[in-house]
Amino acid sequence: MGLFVYLAVGGSMALTWEARQTERSVTHDASATQVVTKAKPNAPTETFLLVGSDSRAGVDSSSPDAGGILGPGAPGGQRSDTIMLLRDNRSTGQAVLLSLPRDLWVTIAGTTGKDRINAAFTKNAGTLVQTIQNNFHIDINHYIAVDFSGFKKVVDAIGGVTVCFPYPTRDTNTGLNIANSGCSKLDGIGSLQYTRSRHYQELRNGHWVEDPRSDLDRIQRQQEFILSALNQAQGALGQNPLLLSSLLSAAAASLTLDSGLTVTDLADRFKPLAANDLQRYSLPVIGVTVQGKAVLNVDTTAADPILAYFRGETDTPPPTTTTTG
């Protein structure tokens with residue numbers, strides 16, 4: 001999820017000099033570079049794959065943020081916690097965000113079998129890129145990922161992100177614990193606990209009620225968090241432009257791009273997005289059980305208008321009321 005806070009910061013950059021100074025801290029992923037679809041020169045529209053990566057390497061299970069990163073009994077290694085597609089039309093200033101649930105049941109690139117889409121990323125970033133391109137016939141032009149250490153640092157650098165809770169809220173797996181209803185400012189650890197919550201519970205009429213939609217409502221919370229973080233990053237930089245350097249250094253060390261992207265590119269490309277609302281969708285899906293696994297299939301009828309826009313078959317995204325997932 002740190003990726004999306006970083007994009008908000010990138011969108012706020014007024015000076016690309018700072019971005020150039022951080023370039024050497026950025027990792028470029030060879031596997032993603034090999035399979036992204038190179039956009040035509042001066043193409044007005046490009047599609048970015050945005051991944052929030054939960055690398056567990058070196059995480060101390062006793063640290064306050066361990067629940068937000070590891071979860072109970074989580075395996076080692078790296079998984080894609082959050083997967084989003086951003087279609088950016090620089091000629092119109094329009095940006096459209098589509099979230100893909102990580103339990104989506106797809107054919108994994110390089111295999112003949114199906115698995116959750118998250119399994120593609122455990123192989124490598126290139127497999128995830130190719131899996132999305134193969135299953136949905138969407139050209140992905142660029143790959144961007146940030147791990148959760150960057151997420152915490154960026155949120156702390158902007159002084160936290162305010163989130164409003166209609167009820168006392170908790171997740172005993174991630175450690176989220178909001179004792180009272182109302183708006184709370186979450187620091188890096190709290191934001192991680194909130195955006196990663198899959199067992200989100202609210203205290204209603206004296207009883208803890210768990211969100212029955214799990215990942216699907218979590219996607220909604222993550223998208224709203226992006227917009228809130230973007231606005232607060234803008235405000236923080238407006239009050240103190242000197243924050244830019246610390247924000248970039250906080251994010252850059254955890255940033256991974258395809259080799260066709262630089263931090264300077266991001267600064268230039270996402271700057272206009274800060275002034276515009278993102279049109280947001282989550283992929284419409286249907287819950288099913290396959291091979292004993294609770295997974296999600298695409299609701300083809302509801303998803304087709306959205307996917308058609310991301311394929312470039314139409315210039316206008318559908319009304320957000322078509323989003324059902």
# chains A, B, ... in the order shown; residues from 1 in each chain; ligands from 1
call {"tool": "residues_around", "arguments": {"residues": "Ser259 of chain A", "least_positions_apart": "2", "cutoff": "7 Å", "atoms": "only C-alpha atoms", "output": "ChimeraX atom specification"}}
result
/A:28-29,33,257,261
call {"tool": "closest_residue", "arguments": {"among": "A:Asn141, A:Thr92, A:Asn134, A:Ser282", "to": "Ala39 of chain A", "atoms": "only C-alpha atoms"}}
result
A:Asn141
call {"tool": "residues_around", "arguments": {"residues": "segment 100-102 of chain A", "least_positions_apart": "2", "cutoff": "6 Å", "atoms": "only C-alpha atoms", "output": "PyMOL selection string"}}
result
chain A and resi 83-84+104+117-118+283
call {"tool": "write_last_selection", "arguments": {"atoms": "C-alpha atoms", "output": "PDB file, in the first residue's frame"}}
result
ATOM      1  CA  ILE A  83      -2.899  -4.985  -6.978  1.00  0.00           C
ATOM      2  CA  MET A  84      -4.263  -2.037  -8.934  1.00  0.00           C
ATOM      3  CA  LEU A 104      -8.939 -13.660  -8.089  1.00  0.00           C
ATOM      4  CA  ILE A 117      -3.573 -14.055  -8.821  1.00  0.00           C
ATOM      5  CA  ASN A 118      -1.388 -13.438  -5.794  1.00  0.00           C
ATOM      6  CA  LEU A 283     -13.307  -5.602 -10.396  1.00  0.00           C
TER       7      LEU A 283
END
call {"tool": "atom_distance", "arguments": {"atom1": "atom CA of Thr320 of chain A", "atom2": "atom CA of Gln220 of chain A"}}
result
12.7 Å
call {"tool": "atom_distance", "arguments": {"atom1": "atom CA of Val35 of chain A", "atom2": "atom CA of Val51 of chain A"}}
result
15.7 Å
call {"tool": "select_by_dssp", "arguments": {"residues": "segment 78-267 of chain A", "states": "strand (DSSP E or B)", "output": "PyMOL selection string"}}
result
chain A and resi 80-89+94-100+104-107+114-116+142-147+161-165+169-171+176-178+182-186+201-204+207-210+255-257
call {"tool": "select_by_dssp", "arguments": {"residues": "segment 76-303 of chain A", "states": "alpha helix (DSSP H)", "output": "VMD selection string"}}
result
chain A and resid 118 to 123 125 to 136 148 to 157 188 to 195 215 to 239 243 to 252 263 to 270 300 to 303
call {"tool": "closest_atom_pairs", "arguments": {"of": "segment 116-234 of chain A", "to": "segment 40-46 of chain A", "cutoff": "12 Å", "atoms": "only C-alpha atoms", "output": "Markdown table"}}
result
| residue | atom | partner | partner_atom | distance |
| --- | --- | --- | --- | --- |
| A:Ile138 | CA | A:Glu46 | CA | 10.7 |
| A:Asp139 | CA | A:Glu46 | CA | 8.6 |
| A:Ile140 | CA | A:Glu46 | CA | 7.6 |
| A:Asn141 | CA | A:Glu46 | CA | 6.0 |
| A:His142 | CA | A:Glu46 | CA | 8.0 |
| A:Tyr143 | CA | A:Glu46 | CA | 11.2 |
call {"tool": "write_last_selection", "arguments": {"atoms": "N, CA and C atoms", "output": "mmCIF file, in the first residue's frame"}}
result
data_model
loop_
_atom_site.group_PDB
_atom_site.id
_atom_site.type_symbol
_atom_site.label_atom_id
_atom_site.label_comp_id
_atom_site.auth_asym_id
_atom_site.auth_seq_id
_atom_site.Cartn_x
_atom_site.Cartn_y
_atom_site.Cartn_z
ATOM 1 N N ILE A 138 -5.220 -6.774 -21.370
ATOM 2 C CA ILE A 138 -4.905 -5.371 -21.098
ATOM 3 C C ILE A 138 -3.401 -5.181 -21.235
ATOM 4 N N ASP A 139 -2.986 -4.230 -22.048
ATOM 5 C CA ASP A 139 -1.558 -3.924 -22.167
ATOM 6 C C ASP A 139 -1.102 -3.139 -20.942
ATOM 7 N N ILE A 140 -0.118 -3.654 -20.243
ATOM 8 C CA ILE A 140 0.478 -2.952 -19.109
ATOM 9 C C ILE A 140 1.772 -2.319 -19.580
ATOM 10 N N ASN A 141 1.841 -1.008 -19.489
ATOM 11 C CA ASN A 141 2.985 -0.271 -20.018
ATOM 12 C C ASN A 141 4.084 -0.050 -18.994
ATOM 13 N N HIS A 142 3.710 -0.039 -17.702
ATOM 14 C CA HIS A 142 4.721 0.194 -16.664
ATOM 15 C C HIS A 142 4.365 -0.549 -15.387
ATOM 16 N N TYR A 143 5.399 -0.857 -14.637
ATOM 17 C CA TYR A 143 5.259 -1.588 -13.371
ATOM 18 C C TYR A 143 5.843 -0.747 -12.241
#
call {"tool": "closest_residue", "arguments": {"among": "A:Ser246, A:Gln291, A:Thr82, A:Gln223", "to": "Leu97 of chain A", "atoms": "only C-alpha atoms"}}
result
A:Gln223
call {"tool": "residues_around", "arguments": {"residues": "Gln232 of chain A", "least_positions_apart": "3", "cutoff": "8 Å", "atoms": "only C-alpha atoms", "output": "list of chain:residue names"}}
result
A:Ile158, A:Val161, A:Ser228, A:Ala229, A:Gly235, A:Ala236
call {"tool": "closest_residue", "arguments": {"among": "A:Gln279, A:Gln239, A:Ser191, A:Thr256", "to": "Leu49 of chain A", "atoms": "only C-alpha atoms"}}
result
A:Thr256
call {"tool": "closest_residue", "arguments": {"among": "A:Asn89, A:Ser53, A:Arg170, A:Gly126", "to": "Asp258 of chain A", "atoms": "only C-alpha atoms"}}
result
A:Gly126
call {"tool": "closest_residue", "arguments": {"among": "A:Val155, A:Ala32, A:Ala294, A:Leu85", "to": "Tyr309 of chain A", "atoms": "only C-alpha atoms"}}
result
A:Leu85
